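Taking it in order: structure first as structure tokens, then the write-up.
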Amino acid sequence: MKLLQQLKIAGTALNLNKGRSALTILGVVIGIAAIMAMMSIGNGAEKLILGEISGLGAETVVIRPGKEPTGPTDIAGSLLSDSLTKRDVELLKRKENAPELVDIMPALIVPASVAYEGETYRPTILGASGDFFSKAFNVYPDEGSLFDEADIQSRANVAVIGYKVKQELFGDDDALNKRITIKDKKFRVVGIYPKVGQVAFFNFDELVVVPYTTAQTYLLGIDYYHEIITRASSPEAADKTVRDITLTLRGSHDIGPTEADDFYVVTQQGAVEQVKTIIGALTAFLSSVVAIGLVVGGIGIMNIMLVSVTERTREIGLRKALGATERDILTQFLLEAILLTLIGGIVGIILGALISLFASFVLTTFAGLDWKFVFPFSAALIGVSMSAAVGIIFGIYPAQQAAKKSPIEALRYE
Amino acid sequence: MRIFELTGVEKTYSDGTRAVRGVSFGISRGEFVSIMGPSGSGKSTILHILGFLDRHTAGTYTFEGKTFEEYSPDDLAHIRNQKMGFVFQMFNLLPRTSVLENVKLPLLYSDIPKAEWDARARDVIERVGLSHRVSFEPAKLSGGEKQRVAIARALVMDPDIIFADEPTGNLDSVSGLSIMEKLQDLNTEGRTIVLITHETETAEFANRIISVLDGKIDSDVRVQKRRHAKDGFVK
């Protein structure tokens with residue numbers, strides 16, 4: 001007997017019980033819709049976060065002293081480590097050591113407050129290169145300007161301040177060229193960053209940037225750096241640059257082959273991997289919760305199919321009397337179950353896509369996120385095959401019950 | 001040649017009821033046999049065994065020279081489909097399904113190409129005089145019409161054997177008469193008919209009556225004065 005004909009019979013049977021069929025597939029519809037929405041929104045979230053991260057420059061490579069921190073005490077330790085020096089920067093600037101490294105900037109963190117006419121505020125004070133810093137994170141002062149290389153060479157007492165620092169110290173008054181106090185030293189405000197909030201590792205609004213030379217000599221009195229931030233020629237070159245840096249610094253620091261590094265190198269790529277891992281794990285976890293829902297939906301299908309088999313005992317008997325083999329009956333009922341779940345799956349996919357489309361609309365319109373709706377074809381494929389699998393798994397038992405009926409038992413059934 | 005050959009056939013149900021207690025008889029091709037007996041005599045069970053709808057628990061049942069056990073379940077389904085037509089007292093039509101689709105049902109399980117289904121079904125529907133009811137659903141038909149649909153369905157595969165289990169039991173006398181006329185016509189065409197009934201009048205439309213009582217054969221006789229449905233029900 002032709003499969004197409006079998007499908008027609010199954011379709012007719014379902015059509016005769018429209019209301020019940022619809023309620024039966026509800027479990028599958030909800031399950032598949034939830035999986036679809038979850039995967040679609042998960043995809044969108046990943047794209048959004050990765051977009052933000054790569055906006056910060058996947059080519060940025062940061063060198064930190066000490067060993068890679070695994071806890072809070074390690075971070076404190078790395079700040080105290082004095083392994084990164086001016087010599088390292090000079091070596092890394094040479095093309096033969098790190099050919100893909102295009103820009104380099106030492107950085108220091110100054111734990112101190114800033115004051116202006118009695119107002120004090122405790123921002124993040126960074127000794128850095130204003131030019132590099134702005135390039136790396138694409139944030140430029142909208143008032144005044146950055147300090148330049150000459151200011152760095154001359155250890156000038158100049159500062160670029162964040163939006164919130166300006167507000168705290170000056171309110172609505174003009175801040176440009178005013179002198180703020182850091183650790184009893186006067187610094188002239190040469191630039192003010194616009195209100196941008198958190199960018200990569202820094203909250204620009206709470207930032208004060210001074211030349212790293214000034215921070216080293218006048219604020220901290222040390223001859224090493226807390227951090228060296230570099231940029232590779234491209235995101236793809238970041239890995240090679242990490243290797244070049246490691247090799248160069250190990251040589252420069254006289255580290256033997258068996259000894260551990262006294263510095264570590266981090267990249268944006270690492271952060272990207274982390275985000276992917278976290279979102280992937282989250283999606284997998286939520287999907288497995290939904291999968292349990294699908295199993296429940298499948299049991300619902302099995303239940304209704306069993307009822308249907310009992311109800312149609314006479315029909316089964318008649319079909320057998322007229323020449324249907326066990327296989328014919330098995331196929332008929334199995335196809336019914338699969339058809340049910342497939343319809344449920346397709347409706348679920350459409351519903352899930354609509355939910356995620358709506359979510360992306362809400363997130364873009366009301367939360368102002370640059371959220372892109374992605375129709376997850378892979379999830380749709382998984383959804384269809386999962387719903388078909390549910391049909392087969394939960395349809396086989398009722399179908400076997402139907403096929404096993406002896407024709408006369410079935411015909412006699414009242 | 002004998003199509004059916006039963007030797008000491010018994011049927012004991014799982015609850016211990018002995019419906020058939022050792023019957024032996026044969027039916028030849030082209031015969032019109034009535035199996036007659038009161039309700040509970042085991043006559044229906046004998047028909048079910050003959051039609052492979054049920055299986056005997058003891059004795060030997062030979063169909064077309066091979067014992068029941070020699071046929072696989074698929075063979076049995078195939079024989080039911082190709083060689084046997086069933087007409088039941090309760091009609092057993094699929095509800096909410098048109099006359100045409102009901103009659104087509106056996107074709108679904110046959111090797112006949114789909115292109116021929118419609119013509120075949122319409123042809124047998126015409127032969128039972130229901131062409132004007134082709135797209136009707138069973139609920140809209142009278143009892144006699146329903147049974148004629150069932151006969152059309154039994155004929156659609158052009159089988160050699162027709163089993164009729166109390167086909168007139170739920171019908172008025174006029175409708176019953178037209179059904180018996182149809183069966184006699186089919187017998188004249190050369191088909192073997194096995195009719196189950198509890199009424200002597202109905203049984204007498206056959207040319208042989210096997211009387212069953214308490215699961216055993218009481219008598220097996222040729223009908224001397226065979227009744228013909230065309231002459232009408234004359235008491």
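If you're wondering about the labels, chains in the structure tokens are A, B, ... by order shown, residues count from 1 in each chain, ligands from 1 in order shown.
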
May I ask you to extract the residues of chain B within 6 Å of chain A, using only C-alpha atoms, and to give them as a PDB file with C-alpha atoms, in the first residue's frame?
ATOM      1  CA  LEU B  53     -11.079 -13.577  11.141  1.00  0.00           C
ATOM      2  CA  ASP B  54     -10.586 -15.948  14.068  1.00  0.00           C
ATOM      3  CA  ASP B  74       0.241 -11.580   5.578  1.00  0.00           C
ATOM      4  CA  ALA B  77      -4.659 -10.710   4.984  1.00  0.00           C
ATOM      5  CA  HIS B  78      -4.001 -11.084   1.277  1.00  0.00           C
ATOM      6  CA  ARG B  80      -9.164 -11.885   2.794  1.00  0.00           C
ATOM      7  CA  ASN B  81      -8.471  -8.982   0.475  1.00  0.00           C
ATOM      8  CA  PRO B 106     -10.413  -2.925   0.218  1.00  0.00           C
ATOM      9  CA  TYR B 109      -4.849  -2.866   0.629  1.00  0.00           C
TER      10      TYR B 109
END

Leaving out B:Val221 and any residue of its chain fewer than 4 positions from it, which residues lie within 9 Å of it when counting only C-alpha atoms, given as a compact mmCIF listing (two decimals) with N, CA and C atoms, in the first residue's frame?
# COMPACT_ATOMS: atom_id res chain seq x y z
N ASN B 207 -28.69 -23.40 -1.39
CA ASN B 207 -29.01 -24.73 -1.89
C ASN B 207 -28.56 -25.82 -0.92
N ARG B 208 -28.00 -25.38 0.25
CA ARG B 208 -27.60 -26.35 1.26
C ARG B 208 -27.69 -25.69 2.62
N ILE B 209 -28.22 -26.40 3.60
CA ILE B 209 -28.34 -25.83 4.94
C ILE B 209 -27.59 -26.70 5.94
N ILE B 210 -26.63 -26.07 6.65
CA ILE B 210 -25.95 -26.78 7.73
C ILE B 210 -26.53 -26.22 9.02
N SER B 211 -27.21 -27.06 9.79
CA SER B 211 -27.79 -26.61 11.05
C SER B 211 -26.80 -26.86 12.18

Which residues are near stretch 235-251 of chain A? Cut-off 6 Å, only C-alpha atoms, ignore same chain within fewer than 3 positions. Put them as a ChimeraX atom specification. /A:58-59,98,232,254-255

Contact check, stretch 86-193 of chain B to stretch 1-10 of chain B, at most 12 Å, counting only C-alpha atoms, closest pairs as a tab-separated table:
residue	atom	partner	partner_atom	distance
B:Asp160	CA	B:Ile3	CA	10.1
B:Ile161	CA	B:Ile3	CA	9.5
B:Arg191	CA	B:Ile3	CA	11.6
B:Thr192	CA	B:Ile3	CA	9.1
B:Ile193	CA	B:Ile3	CA	11.5

Residue neighbourhood stretch 186-200 of chain A, 6 Å, only C-alpha atoms, exclusion window fewer than 2 positions, as an MDAnalysis selection string: chainID A and resid 141:146 157:163 176:181 202:205

Go ahead and dump the residues you just picked, N, CA and C atoms, as a PDB file, in the first residue's frame.
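After the write, out-v9.pdb holds the following:
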ATOM      1  N   PRO A 141      37.608  62.878  23.459  1.00  0.00           N
ATOM      2  CA  PRO A 141      36.997  63.971  24.223  1.00  0.00           C
ATOM      3  C   PRO A 141      36.122  64.818  23.300  1.00  0.00           C
ATOM      4  N   ASP A 142      34.960  65.229  23.821  1.00  0.00           N
ATOM      5  CA  ASP A 142      34.141  66.130  23.000  1.00  0.00           C
ATOM      6  C   ASP A 142      34.381  67.586  23.393  1.00  0.00           C
ATOM      7  N   GLU A 143      35.096  67.760  24.504  1.00  0.00           N
ATOM      8  CA  GLU A 143      35.506  69.115  24.908  1.00  0.00           C
ATOM      9  C   GLU A 143      37.010  69.074  25.074  1.00  0.00           C
ATOM     10  N   GLY A 144      37.712  70.067  24.590  1.00  0.00           N
ATOM     11  CA  GLY A 144      39.159  70.085  24.701  1.00  0.00           C
ATOM     12  C   GLY A 144      39.778  69.037  23.803  1.00  0.00           C
ATOM     13  N   SER A 145      40.945  68.514  24.219  1.00  0.00           N
ATOM     14  CA  SER A 145      41.620  67.537  23.370  1.00  0.00           C
ATOM     15  C   SER A 145      42.413  66.575  24.235  1.00  0.00           C
ATOM     16  N   LEU A 146      43.060  65.609  23.576  1.00  0.00           N
ATOM     17  CA  LEU A 146      43.917  64.662  24.279  1.00  0.00           C
ATOM     18  C   LEU A 146      45.276  65.301  24.519  1.00  0.00           C
ATOM     19  N   ASN A 157      51.788  67.748  33.635  1.00  0.00           N
ATOM     20  CA  ASN A 157      50.687  67.573  34.582  1.00  0.00           C
ATOM     21  C   ASN A 157      49.366  67.922  33.912  1.00  0.00           C
ATOM     22  N   VAL A 158      48.926  67.045  33.030  1.00  0.00           N
ATOM     23  CA  VAL A 158      47.669  67.265  32.322  1.00  0.00           C
ATOM     24  C   VAL A 158      46.777  66.043  32.508  1.00  0.00           C
ATOM     25  N   ALA A 159      45.470  66.258  32.376  1.00  0.00           N
ATOM     26  CA  ALA A 159      44.532  65.144  32.574  1.00  0.00           C
ATOM     27  C   ALA A 159      43.336  65.273  31.644  1.00  0.00           C
ATOM     28  N   VAL A 160      42.833  64.108  31.198  1.00  0.00           N
ATOM     29  CA  VAL A 160      41.550  64.054  30.481  1.00  0.00           C
ATOM     30  C   VAL A 160      40.589  63.370  31.450  1.00  0.00           C
ATOM     31  N   ILE A 161      39.416  63.984  31.679  1.00  0.00           N
ATOM     32  CA  ILE A 161      38.517  63.425  32.693  1.00  0.00           C
ATOM     33  C   ILE A 161      37.202  62.951  32.085  1.00  0.00           C
ATOM     34  N   GLY A 162      36.581  62.012  32.761  1.00  0.00           N
ATOM     35  CA  GLY A 162      35.311  61.448  32.310  1.00  0.00           C
ATOM     36  C   GLY A 162      34.143  62.348  32.674  1.00  0.00           C
ATOM     37  N   TYR A 163      33.008  62.035  32.096  1.00  0.00           N
ATOM     38  CA  TYR A 163      31.806  62.853  32.241  1.00  0.00           C
ATOM     39  C   TYR A 163      31.375  62.961  33.701  1.00  0.00           C
ATOM     40  N   LEU A 176      37.297  72.910  31.639  1.00  0.00           N
ATOM     41  CA  LEU A 176      38.485  72.945  30.787  1.00  0.00           C
ATOM     42  C   LEU A 176      39.520  73.936  31.313  1.00  0.00           C
ATOM     43  N   ASN A 177      40.792  73.469  31.391  1.00  0.00           N
ATOM     44  CA  ASN A 177      41.926  74.282  31.841  1.00  0.00           C
ATOM     45  C   ASN A 177      41.906  74.594  33.333  1.00  0.00           C
ATOM     46  N   LYS A 178      40.914  74.053  34.062  1.00  0.00           N
ATOM     47  CA  LYS A 178      40.917  74.192  35.520  1.00  0.00           C
ATOM     48  C   LYS A 178      41.954  73.234  36.065  1.00  0.00           C
ATOM     49  N   ARG A 179      42.436  73.488  37.289  1.00  0.00           N
ATOM     50  CA  ARG A 179      43.462  72.621  37.860  1.00  0.00           C
ATOM     51  C   ARG A 179      42.870  71.750  38.953  1.00  0.00           C
ATOM     52  N   ILE A 180      42.976  70.460  38.739  1.00  0.00           N
ATOM     53  CA  ILE A 180      42.487  69.526  39.750  1.00  0.00           C
ATOM     54  C   ILE A 180      43.685  68.971  40.502  1.00  0.00           C
ATOM     55  N   THR A 181      43.428  68.463  41.710  1.00  0.00           N
ATOM     56  CA  THR A 181      44.521  67.981  42.544  1.00  0.00           C
ATOM     57  C   THR A 181      44.463  66.458  42.665  1.00  0.00           C
ATOM     58  N   PHE A 202      36.715  49.527  30.947  1.00  0.00           N
ATOM     59  CA  PHE A 202      36.668  50.821  31.633  1.00  0.00           C
ATOM     60  C   PHE A 202      35.302  51.487  31.588  1.00  0.00           C
ATOM     61  N   ASN A 203      34.966  52.104  32.724  1.00  0.00           N
ATOM     62  CA  ASN A 203      33.824  52.993  32.719  1.00  0.00           C
ATOM     63  C   ASN A 203      34.374  54.388  32.449  1.00  0.00           C
ATOM     64  N   PHE A 204      34.232  54.835  31.214  1.00  0.00           N
ATOM     65  CA  PHE A 204      34.841  56.101  30.798  1.00  0.00           C
ATOM     66  C   PHE A 204      34.325  57.290  31.590  1.00  0.00           C
ATOM     67  N   ASP A 205      33.110  57.172  32.095  1.00  0.00           N
ATOM     68  CA  ASP A 205      32.536  58.291  32.836  1.00  0.00           C
ATOM     69  C   ASP A 205      33.273  58.545  34.147  1.00  0.00           C
TER      70      ASP A 205
END

Members of stretch 196-304 of chain A assigned helix (DSSP H, G or I) by DSSP, as a PyMOL selection string: chain A and resi 204-206+212-220+235-252+268-304

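Here the question is which of B:Asp214, B:Ala121, B:Asp158, B:Ile79 gets nearest to B:Arg18 using only C-alpha atoms, and that residue is B:Asp214.
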
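Atom CA of A:Glu336 lies 24.9 Å from atom CA of B:Ala139.
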
Which residues are close to stretch 42-44 of chain B, i.e. within 12 Å by only C-alpha atoms, leaving aside same-chain residues fewer than 4 positions away? Reply as a PyMOL selection string. (chain A and resi 408+412) or (chain B and resi 9-13+17-23+34-38+48-51+53-54+88-89+163-166+194-198+209-218)

For the residues selected in the previous step, produce a file with N, CA and C atoms as a compact mmCIF listing (two decimals), in the first residue's frame.
# COMPACT_ATOMS: atom_id res chain seq x y z
N ILE A 408 -11.42 -10.24 14.58
CA ILE A 408 -12.76 -10.49 15.12
C ILE A 408 -12.95 -9.85 16.48
N ARG A 412 -15.91 -7.25 17.04
CA ARG A 412 -16.92 -7.51 18.07
C ARG A 412 -17.00 -6.38 19.09
N VAL B 9 -13.00 -29.51 13.84
CA VAL B 9 -12.59 -28.16 14.26
C VAL B 9 -13.28 -27.74 15.56
N GLU B 10 -12.49 -27.22 16.47
CA GLU B 10 -13.03 -26.73 17.74
C GLU B 10 -12.58 -25.29 17.99
N LYS B 11 -13.38 -24.59 18.76
CA LYS B 11 -12.96 -23.25 19.19
C LYS B 11 -13.32 -23.08 20.65
N THR B 12 -12.29 -22.93 21.47
CA THR B 12 -12.50 -22.68 22.89
C THR B 12 -11.92 -21.31 23.20
N TYR B 13 -12.74 -20.43 23.74
CA TYR B 13 -12.25 -19.08 24.05
C TYR B 13 -11.41 -19.10 25.32
N THR B 17 -15.16 -20.83 27.31
CA THR B 17 -16.38 -21.10 26.54
C THR B 17 -16.04 -21.95 25.32
N ARG B 18 -16.76 -23.07 25.15
CA ARG B 18 -16.51 -23.91 23.97
C ARG B 18 -17.56 -23.58 22.92
N ALA B 19 -17.23 -22.70 22.00
CA ALA B 19 -18.19 -22.22 21.01
C ALA B 19 -18.41 -23.26 19.92
N VAL B 20 -17.33 -23.91 19.52
CA VAL B 20 -17.43 -24.94 18.47
C VAL B 20 -16.80 -26.21 19.02
N ARG B 21 -17.56 -27.30 18.94
CA ARG B 21 -17.08 -28.53 19.61
C ARG B 21 -16.89 -29.66 18.61
N GLY B 22 -15.99 -29.47 17.67
CA GLY B 22 -15.67 -30.54 16.74
C GLY B 22 -16.64 -30.62 15.59
N VAL B 23 -16.45 -29.78 14.59
CA VAL B 23 -17.32 -29.87 13.41
C VAL B 23 -16.47 -30.27 12.20
N SER B 34 -26.12 -22.15 3.66
CA SER B 34 -26.58 -21.43 4.85
C SER B 34 -26.11 -22.20 6.08
N ILE B 35 -25.51 -21.48 7.01
CA ILE B 35 -25.20 -22.10 8.30
C ILE B 35 -26.24 -21.53 9.26
N MET B 36 -27.09 -22.41 9.75
CA MET B 36 -28.25 -21.95 10.50
C MET B 36 -28.21 -22.46 11.93
N GLY B 37 -28.71 -21.65 12.85
CA GLY B 37 -28.78 -22.10 14.23
C GLY B 37 -29.23 -20.95 15.10
N PRO B 38 -29.69 -21.25 16.31
CA PRO B 38 -30.10 -20.18 17.22
C PRO B 38 -28.89 -19.40 17.70
N HIS B 48 -16.39 -17.05 11.16
CA HIS B 48 -15.16 -16.30 11.44
C HIS B 48 -13.92 -17.14 11.19
N ILE B 49 -14.04 -18.45 11.56
CA ILE B 49 -12.90 -19.34 11.31
C ILE B 49 -12.70 -19.51 9.80
N LEU B 50 -13.81 -19.73 9.07
CA LEU B 50 -13.72 -19.90 7.62
C LEU B 50 -13.10 -18.67 6.95
N GLY B 51 -13.42 -17.47 7.48
CA GLY B 51 -12.97 -16.22 6.87
C GLY B 51 -11.66 -15.71 7.43
N LEU B 53 -10.95 -14.70 10.21
CA LEU B 53 -11.08 -13.58 11.14
C LEU B 53 -10.76 -14.05 12.56
N ASP B 54 -10.85 -15.35 12.76
CA ASP B 54 -10.59 -15.95 14.07
C ASP B 54 -9.86 -17.25 13.79
N PHE B 88 -21.57 -7.86 6.93
CA PHE B 88 -21.89 -8.08 8.35
C PHE B 88 -23.29 -7.59 8.68
N GLN B 89 -23.84 -8.14 9.75
CA GLN B 89 -25.15 -7.71 10.21
C GLN B 89 -25.15 -6.22 10.55
N PHE B 163 -18.91 -13.97 2.33
CA PHE B 163 -19.41 -14.36 3.64
C PHE B 163 -20.45 -13.33 4.06
N ALA B 164 -21.64 -13.81 4.43
CA ALA B 164 -22.68 -12.87 4.85
C ALA B 164 -23.19 -13.31 6.23
N ASP B 165 -22.90 -12.48 7.24
CA ASP B 165 -23.27 -12.83 8.61
C ASP B 165 -24.56 -12.10 8.98
N GLU B 166 -25.69 -12.80 8.96
CA GLU B 166 -27.00 -12.22 9.24
C GLU B 166 -27.19 -10.90 8.48
N VAL B 194 -21.44 -18.08 1.63
CA VAL B 194 -21.68 -18.69 2.94
C VAL B 194 -22.53 -17.70 3.73
N LEU B 195 -23.75 -18.11 4.06
CA LEU B 195 -24.70 -17.22 4.73
C LEU B 195 -24.96 -17.72 6.14
N ILE B 196 -24.90 -16.81 7.10
CA ILE B 196 -25.22 -17.16 8.48
C ILE B 196 -26.61 -16.59 8.79
N THR B 197 -27.48 -17.42 9.32
CA THR B 197 -28.81 -16.91 9.68
C THR B 197 -29.41 -17.76 10.79
N HIS B 198 -30.39 -17.20 11.47
CA HIS B 198 -31.08 -18.00 12.48
C HIS B 198 -32.50 -18.32 12.02
N ILE B 209 -28.22 -26.40 3.60
CA ILE B 209 -28.34 -25.83 4.94
C ILE B 209 -27.59 -26.70 5.94
N ILE B 210 -26.63 -26.07 6.65
CA ILE B 210 -25.95 -26.78 7.73
C ILE B 210 -26.53 -26.22 9.02
N SER B 211 -27.21 -27.06 9.79
CA SER B 211 -27.79 -26.61 11.05
C SER B 211 -26.80 -26.86 12.18
N VAL B 212 -26.62 -25.84 12.99
CA VAL B 212 -25.66 -25.95 14.10
C VAL B 212 -26.41 -25.80 15.40
N LEU B 213 -26.05 -26.64 16.38
CA LEU B 213 -26.66 -26.55 17.70
C LEU B 213 -25.60 -26.85 18.74
N ASP B 214 -25.44 -25.95 19.70
CA ASP B 214 -24.46 -26.13 20.78
C ASP B 214 -23.07 -26.48 20.26
N GLY B 215 -22.67 -25.79 19.19
CA GLY B 215 -21.30 -25.97 18.70
C GLY B 215 -21.08 -27.23 17.90
N LYS B 216 -22.16 -27.95 17.60
CA LYS B 216 -22.02 -29.18 16.80
C LYS B 216 -22.98 -29.12 15.62
N ILE B 217 -22.64 -29.89 14.57
CA ILE B 217 -23.54 -29.92 13.42
C ILE B 217 -24.72 -30.84 13.74
N ASP B 218 -25.92 -30.28 13.58
CA ASP B 218 -27.14 -31.00 13.88
C ASP B 218 -27.61 -31.73 12.62
